[in-house]
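Taking it in order: structure first as structure tokens, then the write-up.
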Amino acid sequence: MNGGNNSSDPARFRSTRKNRRYKRVYQEYRNKHRPRVFKIATLALVVMLGVLAVVITPTRHSATPKSPTAALELSAPIAIEDLKNYKLVALTFDDGPDPNTIALLDVLKKEKVVATFFVLGARVDRYSEIVEREYREGHQVASHTTNHKDLTKLSSAARQAEITSTAAAIERVTGAKPTVMRPPYGAWNAGVLNEAGTPLILWSIDPKDWEYRDPDRIYQHVMANVRDGSIILLHDVYGTSVETAAKIIPALKEQGYILVTVDRLIMTRGGSFEAGNQYRHLYP
Ligand code: NI
């Protein structure tokens with residue numbers, strides 16, 4: 001109507017007006033949201049730095065040489081020097097890893113306590129994620145040999161194969177060699193003691209959880225016998241034992257016990273990691 005080419009084309013006129021409106025709306029949107037965009041960018045940067053710190057930290061630790069204490073110090077909420085003021089007890093679990101171990105790890109995590117797992121080399125590769133989790137969550141992963149044979153009845157060569165292949169399997173998964181070993185059935189002699197390469201760990205409390213699958217009975221036996229420095233034997237391959245652990249742990253805490261790994265128990269009580277030693281307990 002006003003003769004101009006542009007405005008004479010109603011479609012184009014509309015489209016230009018529409019474009020202008022979009023542009024205005026976009027600019028308003030940008031002005032309004034720019035500060036938020038900056039905030040989001042800053043937040044993202046902080047989160048990224050946090051993630052980076054978490055990623056870098058374990059890398060740095062795994063780069064340090066492995067010593068008996070390396071893994072333990074990471075998980076240690078209390079310094080060895082301070083642990084000396086407490087009643088200590090070590091919960092130990094034999095014959096895993098096993099699917100039942102997962103529920104146990106959940107219990108330990110919820111209770112914020114650590115334990116020691118004497119694992120069978122033959123199961124380590126099959127359940128490597130479980131072993132990896134044990135180690136990652138601050139528990140001690142130790143050797144219970146490869147095939148659970150009575151070491152006193154084996155030749156020296158067969159015995160050494162049982163010991164070294166499990167040490168290698170644990171090291172493959174955790175990056176650290178086990179520092180202690182528990183002979184199957186607690187059976188040992190001079191040959192086992194000399195060839196283990198690490199101290200042998202036995203126990204002072206055995207509720208026979210493999211025989212009596214009764215959480216109340218196991219609980220009563222442990223609580224009636226526990227004392228400062230006890231090493232408690234359980235098996236993470238039984239659901240009833242996992243159930244019992246969930247009862248024992250709060251009861252021990254209630255009585256003022258600090259649950260520690262076997263390594264920390266040895267360190268706190270002045271024990272030695274030299275091969276040829278064996279411990280049933282570390283009473284003060
Ligand atoms: Ni066993």
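So you can find residues: chains in the structure tokens are A, B, ... in the order shown, residues in each start at 1, and ligands are numbered from 1 in order.
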
What lies within 7 Å of segment 238-243 of chain A using only C-alpha atoms, ignoring chain neighbours under 6 positions off, as a VMD selection string? chain A and resid 100 104 209 213 to 215

What does the file look like for those residues with C-alpha atoms, as a CSV table (one decimal), in the first residue's frame?
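Contents of part.csv, freshly written:
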chain,number,residue,atom,x,y,z
A,100,ASN,CA,28.0,-62.7,49.9
A,104,LEU,CA,29.3,-57.5,54.0
A,209,ASP,CA,30.4,-69.9,61.9
A,213,ARG,CA,24.8,-71.0,60.8
A,214,ASP,CA,23.1,-69.2,63.7
A,215,PRO,CA,23.7,-65.4,64.0

Sort by chain and increasing residue number a table of all residues of chain A within 7 Å of ligand 1, each with its closest pair of atoms and their distance in Å to one decimal, counting only C-alpha atoms and all ligand atoms, and write it as CSV.
residue,atom,partner,partner_atom_place_in_ligand_line,distance
A:Asp94,CA,ligand 1,1 (Ni),5.2
A:Asp95,CA,ligand 1,1 (Ni),4.9
A:His144,CA,ligand 1,1 (Ni),6.7
A:His148,CA,ligand 1,1 (Ni),6.3
A:Pro184,CA,ligand 1,1 (Ni),4.7
A:Tyr185,CA,ligand 1,1 (Ni),5.8

Selected residues written out with N, CA, C and O atoms, as a PDB file, in the first residue's frame:
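Written file, result.pdb:
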ATOM      1  N   ASP A  94      37.456 -65.180  56.139  1.00  0.00           N
ATOM      2  CA  ASP A  94      38.195 -66.147  55.326  1.00  0.00           C
ATOM      3  C   ASP A  94      37.365 -66.719  54.182  1.00  0.00           C
ATOM      4  O   ASP A  94      36.134 -66.705  54.219  1.00  0.00           O
ATOM      5  N   ASP A  95      38.074 -67.282  53.220  1.00  0.00           N
ATOM      6  CA  ASP A  95      37.559 -68.160  52.153  1.00  0.00           C
ATOM      7  C   ASP A  95      36.862 -67.433  50.993  1.00  0.00           C
ATOM      8  O   ASP A  95      36.435 -68.067  50.041  1.00  0.00           O
ATOM      9  N   HIS A 144      45.048 -66.408  51.854  1.00  0.00           N
ATOM     10  CA  HIS A 144      44.597 -67.643  52.511  1.00  0.00           C
ATOM     11  C   HIS A 144      44.983 -68.825  51.614  1.00  0.00           C
ATOM     12  O   HIS A 144      44.348 -69.861  51.646  1.00  0.00           O
ATOM     13  N   HIS A 148      43.098 -73.720  49.322  1.00  0.00           N
ATOM     14  CA  HIS A 148      42.657 -74.129  50.653  1.00  0.00           C
ATOM     15  C   HIS A 148      43.076 -75.553  51.000  1.00  0.00           C
ATOM     16  O   HIS A 148      42.282 -76.366  51.490  1.00  0.00           O
ATOM     17  N   PRO A 184      45.306 -72.343  55.633  1.00  0.00           N
ATOM     18  CA  PRO A 184      44.000 -73.011  55.741  1.00  0.00           C
ATOM     19  C   PRO A 184      43.973 -73.944  56.953  1.00  0.00           C
ATOM     20  O   PRO A 184      44.974 -74.595  57.260  1.00  0.00           O
ATOM     21  N   TYR A 185      42.839 -74.000  57.631  1.00  0.00           N
ATOM     22  CA  TYR A 185      42.608 -74.800  58.848  1.00  0.00           C
ATOM     23  C   TYR A 185      43.514 -74.367  59.998  1.00  0.00           C
ATOM     24  O   TYR A 185      43.589 -75.037  61.018  1.00  0.00           O
TER      25      TYR A 185
END

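Of the listed residues (A:Asp228, A:Glu81, A:Glu274, A:Asp216), A:Glu274 comes nearest to Leu193 of chain A; the distances count only C-alpha atoms.
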
Among segment 61-196 of chain A, which residues carry a DSSP assignment of strand (DSSP E), reported as a VMD selection string? chain A and resid 87 to 94 116 to 119 140 to 143

Determine which residues of segment 85-281 of chain A receive a DSSP assignment of helix (DSSP H, G or I), computed from the backbone, and state them as a ChimeraX atom specification. /A:99-111,121-124,128-136,151-153,156-174,184-186,190-195,215-225,239-254,262-268

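Picture a line from atom CA of Arg123 of chain A to atom CA of Ser165 of chain A; it runs 11.7 Å.
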
Interatomic distance, atom CA of Thr116 of chain A to atom CA of Ala142 of chain A (Å, one decimal): 7.0 Å

Pick out the residues sitting within 6 Å of His281 of chain A, and hand them over as a CSV table (one decimal) with all heavy atoms, in the first residue's frame; count only C-alpha atoms, and ignore anything fewer than 4 positions along from it in its own chain.
chain,number,residue,atom,x,y,z
A,204,SER,N,42.1,-65.7,67.8
A,204,SER,CA,41.9,-66.0,69.2
A,204,SER,C,40.4,-66.3,69.5
A,204,SER,O,40.1,-66.8,70.5
A,204,SER,CB,42.4,-64.9,70.1
A,204,SER,OG,41.7,-63.7,69.7
A,229,GLY,N,42.7,-56.6,71.7
A,229,GLY,CA,43.8,-57.3,70.9
A,229,GLY,C,43.3,-58.6,70.3
A,229,GLY,O,44.1,-59.4,69.6
A,230,SER,N,42.0,-59.0,70.4
A,230,SER,CA,41.5,-60.2,69.8
A,230,SER,C,41.5,-60.2,68.3
A,230,SER,O,41.4,-59.1,67.7
A,230,SER,CB,40.0,-60.4,70.2
A,230,SER,OG,39.9,-60.6,71.6
A,231,ILE,N,41.7,-61.4,67.7
A,231,ILE,CA,41.5,-61.6,66.3
A,231,ILE,C,40.4,-62.5,66.1
A,231,ILE,O,40.4,-63.7,66.6
A,231,ILE,CB,42.8,-62.1,65.6
A,231,ILE,CG1,44.0,-61.1,65.8
A,231,ILE,CG2,42.6,-62.4,64.1
A,231,ILE,CD1,45.3,-61.6,65.2

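Between atom CA of Pro99 of chain A and atom CA of Tyr127 of chain A the interatomic distance comes to 8.1 Å.
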
Surrounding residues of Lys177 of chain A excluding itself and chain neighbours under 5 positions, 8 Å, only C-alpha atoms, as an mmCIF file with all heavy atoms, in the first residue's frame:
data_model
loop_
_atom_site.group_PDB
_atom_site.id
_atom_site.type_symbol
_atom_site.label_atom_id
_atom_site.label_comp_id
_atom_site.auth_asym_id
_atom_site.auth_seq_id
_atom_site.Cartn_x
_atom_site.Cartn_y
_atom_site.Cartn_z
ATOM 1 N N LYS A 66 54.954 -49.491 47.452
ATOM 2 C CA LYS A 66 54.026 -50.190 48.338
ATOM 3 C C LYS A 66 54.788 -50.689 49.560
ATOM 4 O O LYS A 66 55.796 -51.368 49.433
ATOM 5 C CB LYS A 66 53.413 -51.391 47.613
ATOM 6 C CG LYS A 66 52.637 -51.009 46.375
ATOM 7 C CD LYS A 66 51.337 -50.345 46.741
ATOM 8 C CE LYS A 66 50.551 -50.062 45.479
ATOM 9 N NZ LYS A 66 49.471 -49.124 45.693
ATOM 10 N N ALA A 167 49.679 -64.555 46.276
ATOM 11 C CA ALA A 167 50.294 -63.232 46.449
ATOM 12 C C ALA A 167 50.276 -62.481 45.116
ATOM 13 O O ALA A 167 49.947 -61.291 45.062
ATOM 14 C CB ALA A 167 51.723 -63.382 46.966
ATOM 15 N N ALA A 168 50.578 -63.212 44.028
ATOM 16 C CA ALA A 168 50.607 -62.580 42.697
ATOM 17 C C ALA A 168 49.205 -62.149 42.268
ATOM 18 O O ALA A 168 49.017 -61.059 41.709
ATOM 19 C CB ALA A 168 51.209 -63.547 41.675
ATOM 20 N N ILE A 170 46.643 -61.335 44.179
ATOM 21 C CA ILE A 170 46.248 -60.159 44.964
ATOM 22 C C ILE A 170 46.950 -58.916 44.429
ATOM 23 O O ILE A 170 46.333 -57.858 44.272
ATOM 24 C CB ILE A 170 46.565 -60.377 46.469
ATOM 25 C CG1 ILE A 170 45.645 -61.457 47.046
ATOM 26 C CG2 ILE A 170 46.433 -59.070 47.258
ATOM 27 C CD1 ILE A 170 45.983 -61.891 48.465
ATOM 28 N N GLU A 171 48.222 -59.057 44.121
ATOM 29 C CA GLU A 171 48.973 -57.905 43.618
ATOM 30 C C GLU A 171 48.441 -57.439 42.256
ATOM 31 O O GLU A 171 48.396 -56.251 41.976
ATOM 32 C CB GLU A 171 50.474 -58.228 43.528
ATOM 33 C CG GLU A 171 51.299 -56.968 43.285
ATOM 34 C CD GLU A 171 52.796 -57.240 43.237
ATOM 35 O OE1 GLU A 171 53.196 -58.427 43.158
ATOM 36 O OE2 GLU A 171 53.558 -56.257 43.266
#

Have a look at A:Tyr86, A:Phe273, A:Phe117, A:Phe93 and name the one nearest to Pro199 of chain A; count only C-alpha atoms. A:Phe273
